[in-house]
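Reproduced below: structure.cif, with mmCIF, C-alpha atoms and all ligand atoms.
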data_model
#
loop_
_atom_site.group_PDB
_atom_site.id
_atom_site.type_symbol
_atom_site.label_atom_id
_atom_site.label_comp_id
_atom_site.auth_asym_id
_atom_site.auth_seq_id
_atom_site.Cartn_x
_atom_site.Cartn_y
_atom_site.Cartn_z
ATOM 1 C CA MET A 1 0.000 0.000 0.000
ATOM 2 C CA ASN A 2 1.291 3.466 -0.773
ATOM 3 C CA PRO A 3 1.088 6.184 1.937
ATOM 4 C CA THR A 4 -2.048 7.768 0.420
ATOM 5 C CA ILE A 5 -3.947 4.482 0.442
ATOM 6 C CA GLU A 6 -2.703 3.737 3.976
ATOM 7 C CA LEU A 7 -4.052 7.127 5.095
ATOM 8 C CA LEU A 8 -7.448 6.366 3.543
ATOM 9 C CA HIS A 9 -7.606 3.030 5.361
ATOM 10 C CA ARG A 10 -6.729 4.699 8.683
ATOM 11 C CA HIS A 11 -9.984 6.711 8.548
ATOM 12 C CA ARG A 12 -12.370 6.342 11.473
ATOM 13 C CA SER A 13 -15.074 8.789 12.466
ATOM 14 C CA ILE A 14 -13.853 10.598 15.576
ATOM 15 C CA ARG A 15 -16.493 11.626 18.093
ATOM 16 C CA ARG A 16 -14.313 12.723 21.038
ATOM 17 C CA TYR A 17 -11.778 15.516 20.719
ATOM 18 C CA THR A 18 -9.208 17.316 22.883
ATOM 19 C CA ASP A 19 -10.011 20.981 23.526
ATOM 20 C CA GLN A 20 -7.387 22.169 21.028
ATOM 21 C CA VAL A 21 -8.751 24.531 18.406
ATOM 22 C CA VAL A 22 -8.003 23.962 14.738
ATOM 23 C CA PRO A 23 -5.875 26.856 13.459
ATOM 24 C CA ASP A 24 -7.274 28.893 10.572
ATOM 25 C CA GLU A 25 -4.192 28.128 8.445
ATOM 26 C CA ALA A 26 -4.858 24.377 8.721
ATOM 27 C CA LEU A 27 -8.515 24.869 7.820
ATOM 28 C CA ARG A 28 -7.678 27.093 4.867
ATOM 29 C CA GLU A 29 -5.137 24.574 3.596
ATOM 30 C CA ALA A 30 -7.715 21.782 3.884
ATOM 31 C CA VAL A 31 -10.382 23.862 2.123
ATOM 32 C CA ALA A 32 -7.964 24.568 -0.731
ATOM 33 C CA ALA A 33 -7.251 20.815 -0.973
ATOM 34 C CA GLY A 34 -11.013 20.223 -1.031
ATOM 35 C CA GLN A 35 -11.325 22.672 -3.886
ATOM 36 C CA ALA A 36 -8.766 20.686 -5.864
ATOM 37 C CA ALA A 37 -11.358 17.884 -6.230
ATOM 38 C CA SER A 38 -13.042 17.390 -9.567
ATOM 39 C CA THR A 39 -16.122 19.550 -10.068
ATOM 40 C CA SER A 40 -18.741 19.142 -12.789
ATOM 41 C CA SER A 41 -17.843 21.578 -15.609
ATOM 42 C CA ALA A 42 -15.964 23.619 -12.976
ATOM 43 C CA ILE A 43 -19.276 24.834 -11.491
ATOM 44 C CA GLN A 44 -17.882 24.515 -7.909
ATOM 45 C CA SER A 45 -21.351 24.591 -6.425
ATOM 46 C CA TYR A 46 -20.395 24.372 -2.762
ATOM 47 C CA CYS A 47 -19.356 26.532 0.146
ATOM 48 C CA VAL A 48 -18.442 25.869 3.732
ATOM 49 C CA ILE A 49 -19.469 27.909 6.747
ATOM 50 C CA HIS A 50 -16.987 27.790 9.618
ATOM 51 C CA VAL A 51 -19.225 28.217 12.649
ATOM 52 C CA ARG A 52 -17.022 30.124 15.120
ATOM 53 C CA ASP A 53 -19.768 31.609 17.311
ATOM 54 C CA MET A 54 -20.130 29.290 20.325
ATOM 55 C CA ALA A 55 -23.758 30.317 20.887
ATOM 56 C CA LYS A 56 -24.520 29.106 17.357
ATOM 57 C CA ARG A 57 -22.516 25.920 17.973
ATOM 58 C CA ARG A 58 -24.563 25.191 21.088
ATOM 59 C CA ARG A 59 -27.792 25.773 19.159
ATOM 60 C CA LEU A 60 -26.491 23.415 16.476
ATOM 61 C CA VAL A 61 -25.972 20.734 19.154
ATOM 62 C CA GLU A 62 -29.749 20.813 19.661
ATOM 63 C CA LEU A 63 -30.603 21.077 15.982
ATOM 64 C CA THR A 64 -28.423 18.072 15.084
ATOM 65 C CA GLY A 65 -30.103 15.812 17.674
ATOM 66 C CA ASN A 66 -28.106 16.687 20.806
ATOM 67 C CA GLN A 67 -24.759 15.786 19.291
ATOM 68 C CA GLU A 68 -22.484 17.362 21.925
ATOM 69 C CA LYS A 69 -19.442 16.919 19.717
ATOM 70 C CA VAL A 70 -20.753 19.725 17.489
ATOM 71 C CA ALA A 71 -19.826 22.172 20.282
ATOM 72 C CA ALA A 72 -16.948 20.175 21.763
ATOM 73 C CA CYS A 73 -14.866 19.674 18.607
ATOM 74 C CA GLY A 74 -12.021 21.996 17.583
ATOM 75 C CA ALA A 75 -13.910 23.391 14.576
ATOM 76 C CA PHE A 76 -17.375 22.911 13.164
ATOM 77 C CA LEU A 77 -18.046 23.320 9.467
ATOM 78 C CA ALA A 78 -21.384 23.407 7.664
ATOM 79 C CA VAL A 79 -20.894 22.128 4.113
ATOM 80 C CA CYS A 80 -23.474 23.507 1.686
ATOM 81 C CA GLY A 81 -24.445 23.011 -1.909
ATOM 82 C CA ASP A 82 -24.186 26.521 -3.341
ATOM 83 C CA THR A 83 -25.937 27.661 -6.500
ATOM 84 C CA ARG A 84 -26.073 31.249 -5.244
ATOM 85 C CA ARG A 85 -23.152 32.567 -7.285
ATOM 86 C CA HIS A 86 -24.603 31.036 -10.487
ATOM 87 C CA ARG A 87 -27.924 32.752 -9.798
ATOM 88 C CA LEU A 88 -26.190 36.083 -9.131
ATOM 89 C CA ALA A 89 -24.091 35.777 -12.301
ATOM 90 C CA ALA A 90 -27.232 35.033 -14.326
ATOM 91 C CA ALA A 91 -29.103 38.005 -12.819
ATOM 92 C CA ARG A 92 -26.152 40.323 -13.419
ATOM 93 C CA ASP A 93 -26.013 39.241 -17.072
ATOM 94 C CA GLY A 94 -29.779 39.587 -17.514
ATOM 95 C CA LYS A 95 -30.252 35.821 -17.975
ATOM 96 C CA THR A 96 -33.018 33.620 -16.599
ATOM 97 C CA TYR A 97 -31.807 31.089 -14.013
ATOM 98 C CA ASP A 98 -33.816 28.010 -14.938
ATOM 99 C CA ALA A 99 -31.920 25.014 -13.534
ATOM 100 C CA ARG A 100 -33.761 21.814 -12.601
ATOM 101 C CA PHE A 101 -33.113 18.751 -10.414
ATOM 102 C CA GLU A 102 -29.834 18.103 -12.252
ATOM 103 C CA ALA A 103 -28.388 21.377 -10.898
ATOM 104 C CA PHE A 104 -29.399 20.453 -7.341
ATOM 105 C CA LEU A 105 -27.896 16.993 -7.769
ATOM 106 C CA LEU A 106 -24.677 18.504 -9.087
ATOM 107 C CA ALA A 107 -24.484 20.788 -6.053
ATOM 108 C CA VAL A 108 -24.821 17.775 -3.722
ATOM 109 C CA ILE A 109 -22.218 15.816 -5.704
ATOM 110 C CA ASP A 110 -19.787 18.734 -5.887
ATOM 111 C CA ALA A 111 -20.169 19.544 -2.177
ATOM 112 C CA SER A 112 -19.546 15.891 -1.284
ATOM 113 C CA LEU A 113 -16.433 15.557 -3.448
ATOM 114 C CA PHE A 114 -15.112 18.837 -2.042
ATOM 115 C CA ALA A 115 -15.802 17.741 1.532
ATOM 116 C CA GLN A 116 -14.181 14.343 1.217
ATOM 117 C CA ASN A 117 -11.003 15.822 -0.278
ATOM 118 C CA MET A 118 -10.978 18.329 2.578
ATOM 119 C CA VAL A 119 -11.444 15.485 5.062
ATOM 120 C CA VAL A 120 -8.523 13.527 3.645
ATOM 121 C CA ALA A 121 -6.353 16.661 3.860
ATOM 122 C CA LEU A 122 -7.367 17.173 7.514
ATOM 123 C CA GLU A 123 -6.714 13.524 8.359
ATOM 124 C CA SER A 124 -3.293 13.768 6.696
ATOM 125 C CA MET A 125 -2.521 16.614 9.165
ATOM 126 C CA GLY A 126 -3.480 14.386 12.118
ATOM 127 C CA TYR A 127 -6.980 15.764 12.718
ATOM 128 C CA GLY A 128 -10.023 13.581 13.228
ATOM 129 C CA ILE A 129 -13.397 14.296 11.671
ATOM 130 C CA CYS A 130 -17.006 13.261 11.885
ATOM 131 C CA TYR A 131 -19.604 14.067 9.249
ATOM 132 C CA ILE A 132 -22.851 15.325 10.765
ATOM 133 C CA GLY A 133 -25.894 14.362 8.721
ATOM 134 C CA GLY A 134 -27.895 15.601 11.712
ATOM 135 C CA LEU A 135 -27.466 19.059 10.161
ATOM 136 C CA ARG A 136 -30.422 18.064 7.965
ATOM 137 C CA ASN A 137 -32.674 17.180 10.933
ATOM 138 C CA ARG A 138 -34.216 20.642 11.244
ATOM 139 C CA PRO A 139 -33.254 22.395 8.018
ATOM 140 C CA PHE A 140 -35.441 25.490 8.356
ATOM 141 C CA GLU A 141 -33.942 26.310 11.759
ATOM 142 C CA VAL A 142 -30.350 25.643 10.594
ATOM 143 C CA ASP A 143 -31.072 27.881 7.619
ATOM 144 C CA GLU A 144 -32.204 30.746 9.824
ATOM 145 C CA LEU A 145 -29.305 30.313 12.258
ATOM 146 C CA LEU A 146 -26.727 30.508 9.448
ATOM 147 C CA ASP A 147 -28.540 33.213 7.418
ATOM 148 C CA LEU A 148 -28.539 31.117 4.266
ATOM 149 C CA PRO A 149 -29.844 32.896 1.163
ATOM 150 C CA GLU A 150 -31.814 31.322 -1.685
ATOM 151 C CA GLY A 151 -29.702 28.752 -3.539
ATOM 152 C CA VAL A 152 -27.596 27.666 -0.550
ATOM 153 C CA HIS A 153 -28.446 24.224 0.832
ATOM 154 C CA PRO A 154 -26.863 22.699 3.972
ATOM 155 C CA ILE A 155 -25.803 19.139 3.067
ATOM 156 C CA PHE A 156 -23.942 17.989 6.199
ATOM 157 C CA GLY A 157 -21.814 19.286 9.010
ATOM 158 C CA LEU A 158 -18.262 18.327 9.797
ATOM 159 C CA CYS A 159 -16.689 18.135 13.249
ATOM 160 C CA VAL A 160 -12.916 18.557 13.125
ATOM 161 C CA GLY A 161 -10.412 18.301 15.947
ATOM 162 C CA VAL A 162 -7.501 16.564 17.588
ATOM 163 C CA PRO A 163 -8.693 13.009 18.365
ATOM 164 C CA ALA A 164 -9.178 12.015 22.013
ATOM 165 C CA GLU A 165 -10.091 8.428 21.104
ATOM 166 C CA ALA A 166 -8.800 5.711 18.793
ATOM 167 C CA PRO A 167 -11.807 3.626 17.728
ATOM 168 C CA ALA A 168 -11.544 0.359 15.833
ATOM 169 C CA ALA A 169 -12.153 0.446 12.094
ATOM 170 C CA ARG A 170 -15.784 -0.187 11.138
ATOM 171 C CA PRO A 171 -15.641 -2.978 8.559
ATOM 172 C CA ARG A 172 -16.875 -2.274 5.043
ATOM 173 C CA LEU A 173 -18.584 -4.528 2.529
ATOM 174 C CA PRO A 174 -16.139 -6.850 0.744
ATOM 175 C CA VAL A 175 -14.777 -5.451 -2.528
ATOM 176 C CA ASP A 176 -16.646 -8.214 -4.369
ATOM 177 C CA ALA A 177 -19.923 -6.849 -3.005
ATOM 178 C CA VAL A 178 -19.391 -3.493 -4.664
ATOM 179 C CA LEU A 179 -17.159 -4.199 -7.683
ATOM 180 C CA PHE A 180 -18.931 -5.956 -10.562
ATOM 181 C CA ASP A 181 -17.747 -6.950 -14.014
ATOM 182 C CA ASP A 182 -19.794 -5.677 -16.954
ATOM 183 C CA ALA A 183 -23.266 -5.978 -15.400
ATOM 184 C CA TYR A 184 -25.099 -5.980 -12.096
ATOM 185 C CA PRO A 185 -25.228 -9.454 -10.497
ATOM 186 C CA ASP A 186 -28.495 -11.263 -9.746
ATOM 187 C CA ASP A 187 -30.201 -10.940 -6.363
ATOM 188 C CA PRO A 188 -29.007 -14.314 -4.915
ATOM 189 C CA ALA A 189 -25.396 -13.296 -5.683
ATOM 190 C CA VAL A 190 -25.928 -9.946 -3.936
ATOM 191 C CA LEU A 191 -27.426 -11.678 -0.886
ATOM 192 C CA ALA A 192 -24.627 -14.273 -0.792
ATOM 193 C CA GLU A 193 -22.022 -11.492 -0.461
ATOM 194 C CA LEU A 194 -24.022 -9.966 2.386
ATOM 195 C CA GLU A 195 -23.809 -13.223 4.389
ATOM 196 C CA ARG A 196 -20.034 -12.897 4.620
ATOM 197 C CA TYR A 197 -20.215 -9.268 5.610
ATOM 198 C CA ASP A 198 -22.938 -9.843 8.206
ATOM 199 C CA THR A 199 -20.610 -12.196 10.085
ATOM 200 C CA ALA A 200 -17.729 -9.693 10.044
ATOM 201 C CA TYR A 201 -20.022 -6.848 11.098
ATOM 202 C CA GLU A 202 -21.504 -8.811 13.985
ATOM 203 C CA ARG A 203 -17.991 -9.634 15.209
ATOM 204 C CA TYR A 204 -17.085 -5.938 15.077
ATOM 205 C CA LEU A 205 -20.145 -5.024 17.197
ATOM 206 C CA VAL A 206 -19.385 -7.746 19.766
ATOM 207 C CA GLU A 207 -15.765 -6.559 20.062
ATOM 208 C CA ARG A 208 -17.083 -3.035 20.799
ATOM 209 C CA GLY A 209 -19.418 -4.373 23.489
ATOM 210 C CA ALA A 210 -22.490 -3.559 21.384
ATOM 211 C CA GLU A 211 -25.517 -5.738 20.746
ATOM 212 C CA PRO A 212 -24.585 -8.264 18.006
ATOM 213 C CA ARG A 213 -26.667 -7.603 14.897
ATOM 214 C CA ARG A 214 -26.358 -8.433 11.238
ATOM 215 C CA TRP A 215 -25.651 -5.399 9.041
ATOM 216 C CA SER A 216 -28.337 -6.502 6.596
ATOM 217 C CA SER A 217 -30.928 -6.596 9.412
ATOM 218 C CA ILE A 218 -29.905 -3.113 10.540
ATOM 219 C CA MET A 219 -30.405 -1.902 6.956
ATOM 220 C CA ALA A 220 -33.726 -3.716 6.637
ATOM 221 C CA ASP A 221 -34.957 -1.838 9.727
ATOM 222 C CA LYS A 222 -33.429 1.470 8.751
ATOM 223 C CA PHE A 223 -35.488 2.011 5.629
ATOM 224 C CA THR A 224 -38.933 0.982 6.840
ATOM 225 C CA SER A 225 -40.144 4.565 7.310
ATOM 226 C CA PRO A 226 -39.204 7.992 5.952
ATOM 227 C CA VAL A 227 -36.664 10.131 7.799
ATOM 228 C CA ARG A 228 -36.136 13.877 7.422
ATOM 229 C CA ALA A 229 -39.287 13.920 5.337
ATOM 230 C CA ASP A 230 -39.215 17.724 5.034
ATOM 231 C CA GLN A 231 -35.999 17.753 2.983
ATOM 232 C CA ALA A 232 -37.651 18.169 -0.413
ATOM 233 C CA ALA A 233 -39.952 20.932 0.872
ATOM 234 C CA TYR A 234 -36.987 22.725 2.420
ATOM 235 C CA HIS A 235 -34.823 22.592 -0.715
ATOM 236 C CA ARG A 236 -37.750 23.718 -2.873
ATOM 237 C CA ALA A 237 -38.267 26.626 -0.498
ATOM 238 C CA LYS A 238 -34.604 27.537 -1.074
ATOM 239 C CA GLY A 239 -35.128 27.745 -4.814
ATOM 240 C CA ALA A 240 -34.145 24.234 -5.913
ATOM 241 C CA ARG A 241 -36.262 22.671 -8.658
ATOM 242 C CA LEU A 242 -36.570 18.962 -7.916
ATOM 243 C CA ASP A 243 -38.277 18.081 -11.205
HETATM 244 C C1 LIG B 1 -23.074 12.063 5.188
HETATM 245 C C2 LIG B 1 -22.733 11.459 6.530
HETATM 246 C C3 LIG B 1 -23.440 11.839 7.647
HETATM 247 C C4 LIG B 1 -23.091 11.347 8.916
HETATM 248 N N1 LIG B 1 -23.754 11.796 10.022
HETATM 249 C C5 LIG B 1 -23.331 11.448 11.255
HETATM 250 C C6 LIG B 1 -23.920 12.054 12.414
HETATM 251 O O1 LIG B 1 -24.829 12.892 12.332
HETATM 252 N N2 LIG B 1 -23.419 11.682 13.619
HETATM 253 C C7 LIG B 1 -22.401 10.778 13.763
HETATM 254 O O2 LIG B 1 -21.989 10.508 14.904
HETATM 255 N N3 LIG B 1 -21.833 10.184 12.682
HETATM 256 C C8 LIG B 1 -22.259 10.510 11.434
HETATM 257 N N4 LIG B 1 -21.660 9.972 10.305
HETATM 258 C C9 LIG B 1 -20.548 9.018 10.464
HETATM 259 C C10 LIG B 1 -20.951 7.606 10.040
HETATM 260 O O3 LIG B 1 -21.770 7.038 11.031
HETATM 261 C C11 LIG B 1 -19.657 6.780 9.836
HETATM 262 O O4 LIG B 1 -18.914 7.338 8.785
HETATM 263 C C12 LIG B 1 -19.962 5.303 9.498
HETATM 264 O O5 LIG B 1 -20.614 4.676 10.570
HETATM 265 C C13 LIG B 1 -18.680 4.542 9.203
HETATM 266 O O6 LIG B 1 -17.783 4.626 10.287
HETATM 267 P P1 LIG B 1 -16.312 5.232 10.112
HETATM 268 O O7 LIG B 1 -16.443 6.599 9.493
HETATM 269 O O8 LIG B 1 -15.727 5.300 11.491
HETATM 270 O O9 LIG B 1 -15.553 4.316 9.232
HETATM 271 C C14 LIG B 1 -22.021 10.420 9.043
HETATM 272 C C15 LIG B 1 -21.326 10.029 7.891
HETATM 273 C C16 LIG B 1 -21.663 10.535 6.661
HETATM 274 C C17 LIG B 1 -20.866 10.122 5.439
#
Please rewrite the model in this file as structure tokens.
Amino acid sequence: MNPTIELLHRHRSIRRYTDQVVPDEALREAVAAGQAASTSSAIQSYCVIHVRDMAKRRRLVELTGNQEKVAACGAFLAVCGDTRRHRLAAARDGKTYDARFEAFLLAVIDASLFAQNMVVALESMGYGICYIGGLRNRPFEVDELLDLPEGVHPIFGLCVGVPAEAPAARPRLPVDAVLFDDAYPDDPAVLAELERYDTAYERYLVERGAEPRRWSSIMADKFTSPVRADQAAYHRAKGARLD
């Protein structure tokens, strides 16, 4: 394994941090590395809000489902899909902004590629991170707290800081469960791969002192009812066309 691949395999979500702050220079360097990621037709439809105000951080703890790490980490970032600058450029040039679902999807893709490159840069500097999907729990309130204008969509948060824990790696699906030759395999082949993974995942949970459960059962439960059902309404309210 080369050092880059080793770094990628060392990733674990970090949920406990020392009280060291993350210096602005480190953050700026990581953001620049994030920006080096590919971006659809160079549209760069993302931005990141560094939430410095501790009162806002504490409010975000509540809005993300009482995730204390949002206030306790060294830096908290809100990663957003950002079509604002495209809208402003169109208005300035007297053009109609008439982008549809594809533009929203591109913003989510671009923001995610940006964020993951930024994460790898931060991890290469010795910081730990945890993505915070809980930022989408109460989108209208997050929106108001961060003064987001039309065209700016919070996608996830990111806790960053010096790790105060060293968790075990959470096992992933085997490569053969995600890498297929030429065509998608049939359902029995997909389920057969899951068997192997379920065993590994159960072992991982037992080693952590958690209730042993098969990954496939956890997934079966997870998608039985809608979560964050106001997402589409929120993004529409922020000017996204989802058609
Ligand atoms: C988009 C996204 C949102 C996430 N949201 C949360 C979150 O709100 N809280 C949390 O503790 N972990 C969150 N995670 C972390 C995942 O639970 C974690 O990445 C996954 O369990 C795999 O573990 P690992 O990152 O340690 O390998 C999120 C991860 C992603 C990619």
Between chain A and ligand LIG 1 (chain B), at 10 Å or less, what are the per-residue closest atom pairs and their distances in Å? Count all atoms listed in the file, order by chain and rising residue number, and return it as a tab-separated table.
residue	atom	partner	partner_atom	distance
A:His9	CA	B:LIG1	O9	8.9
A:Arg10	CA	B:LIG1	O9	8.8
A:His11	CA	B:LIG1	O9	6.1
A:Arg12	CA	B:LIG1	O8	3.5
A:Ser13	CA	B:LIG1	O8	3.7
A:Ile14	CA	B:LIG1	O8	6.9
A:Arg15	CA	B:LIG1	O2	6.5
A:Thr64	CA	B:LIG1	O1	6.9
A:Gly65	CA	B:LIG1	O1	8.1
A:Asn66	CA	B:LIG1	O1	9.8
A:Gln67	CA	B:LIG1	N2	7.1
A:Glu68	CA	B:LIG1	O2	9.8
A:Lys69	CA	B:LIG1	O2	8.4
A:Val70	CA	B:LIG1	N2	9.3
A:Ser112	CA	B:LIG1	C1	8.3
A:Ala115	CA	B:LIG1	C1	9.9
A:Gln116	CA	B:LIG1	C17	9.0
A:Ile129	CA	B:LIG1	O7	8.6
A:Cys130	CA	B:LIG1	C9	5.7
A:Tyr131	CA	B:LIG1	C14	4.4
A:Ile132	CA	B:LIG1	O1	3.5
A:Gly133	CA	B:LIG1	N1	3.6
A:Gly134	CA	B:LIG1	O1	4.1
A:Leu135	CA	B:LIG1	O1	7.0
A:Arg136	CA	B:LIG1	O1	8.8
A:Asn137	CA	B:LIG1	O1	9.0
A:Ile155	CA	B:LIG1	C1	7.9
A:Phe156	CA	B:LIG1	C1	6.1
A:Gly157	CA	B:LIG1	C3	7.7
A:Leu158	CA	B:LIG1	C4	8.5
A:Cys159	CA	B:LIG1	C7	9.3
A:Pro167	CA	B:LIG1	O8	7.6
A:Ala168	CA	B:LIG1	O8	7.8
A:Ala169	CA	B:LIG1	O9	5.9
A:Arg170	CA	B:LIG1	O9	4.9
A:Pro171	CA	B:LIG1	O9	7.3
A:Arg172	CA	B:LIG1	O9	7.9
Handout entry: Spatial sel., origin (-17.2, 28.0, -1.1), limit 9 Å, only C-alpha atoms, listed as a PyMOL selection string
Key = chain A and resi 31+35+44-49+79-82
Handout entry: Expansion of the PyMOL selection byres (((chain A and resi 148) around 12) and not hetatm) into residues, as a PyMOL selection string
Key = chain A and resi 47-49+78-84+139-147+149-154+235+237-239
Exercise for the section: Counting only C-alpha atoms, figure out which residue out of A:Leu205, A:Ala71, A:Ala90, A:Leu63 gets nearest to Thr18 in chain A. Expected result: A:Ala71
Problem - Minimum-distance residue to Ala26 in chain A, chosen among A:Ala164, A:Met118, A:Leu191, A:Ala200 (using all atoms listed in the file) - result: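 For Ala26 in chain A, the nearest of the given residues is A:Met118.
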Practice task
Please write as a PyMOL selection string the list of polymer residues whose atoms come within 10 Å of (-14.0, 16.8, -0.9), counting all atoms listed in the file and keeping to the coordinates of the file.
Solution key: chain A and resi 30-39+109-121
Problem - Among the residues A:Glu123, A:Asp230, A:Asp187, A:Asp24, the one that comes closest to Thr4 in chain A [using all atoms listed in the file] - result: A:Glu123
Completion exercise
In Å and to one decimal, CA of Arg28 in chain A is distant from CA of Leu122 in chain A by 10.3 Å
Handout entry: Between CA of Val160 in chain A and CA of Leu27 in chain A, distance in Å (one decimal)
Key =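 Atom-to-atom, CA of Val160 in chain A and CA of Leu27 in chain A are spaced 9.3 Å apart.
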Practice task
Could you check which of A:Leu60, A:Ile43, A:Ala55, A:Ala72 is closest to Ala89 in chain A, using all atoms listed in the file?
Solution key: A:Ile43
Problem - For Ala42 in chain A, the nearest of the candidates A:Arg213, A:Arg241, A:Arg58, A:His86, counting all atoms listed in the file - result: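 Smallest distance to Ala42 in chain A is found for A:His86.
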Exercise for the section: Kindly resolve the PyMOL selection byres (((chain A and resi 243) around 10) and not hetatm) on the present coordinates and return the residues as a list in words. Expected result: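 On this input, the PyMOL selection byres (((chain A and resi 243) around 10) and not hetatm) captures Ala99, Arg100, Phe101, Glu102, Phe104, Ala240, Arg241 and Leu242 of chain A.
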How big is the axis-aligned box, and where does its centre sit, when it encloses all atoms of range 21-37 of chain A listed in the file and has 4 Å added on every side, reported in Å to one decimal as AutoDock Vina command-line options?
--center_x -7.8 --center_y 23.4 --center_z 6.1 --size_x 15.2 --size_y 19.0 --size_z 32.6
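CA of Ala192 in chain A to CA of Pro174 in chain A spans 11.4 Å [interatomic distance, one decimal].
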Problem - Shell of 10 Å around Ala177 in chain A, only C-alpha atoms, local chain residues under 5 positions omitted, as a list of chain:residue names - result: A:Arg172, A:Pro185, A:Ala189, A:Val190, A:Leu191, A:Ala192, A:Glu193, A:Leu194, A:Arg196, A:Tyr197
Exercise for the section: Check the smallest atom-to-atom distance from each of A:Tyr17, A:Arg138, A:Asp98, A:Ala210 to Val61 in chain A using all atoms listed in the file, then report the winner. Expected result: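 Under the stated criterion, the closest residue is A:Arg138.
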Problem - the PyMOL selection byres (((chain A and resi 202) around 9) and not hetatm) applied to the shown file, residues as a list in words - result: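 So the PyMOL selection byres (((chain A and resi 202) around 9) and not hetatm), applied here, picks out Tyr197, Asp198, Thr199, Ala200, Tyr201, Arg203, Tyr204, Leu205, Val206, Glu207, Glu211, Pro212, Arg213, Arg214 and Trp215 of chain A.
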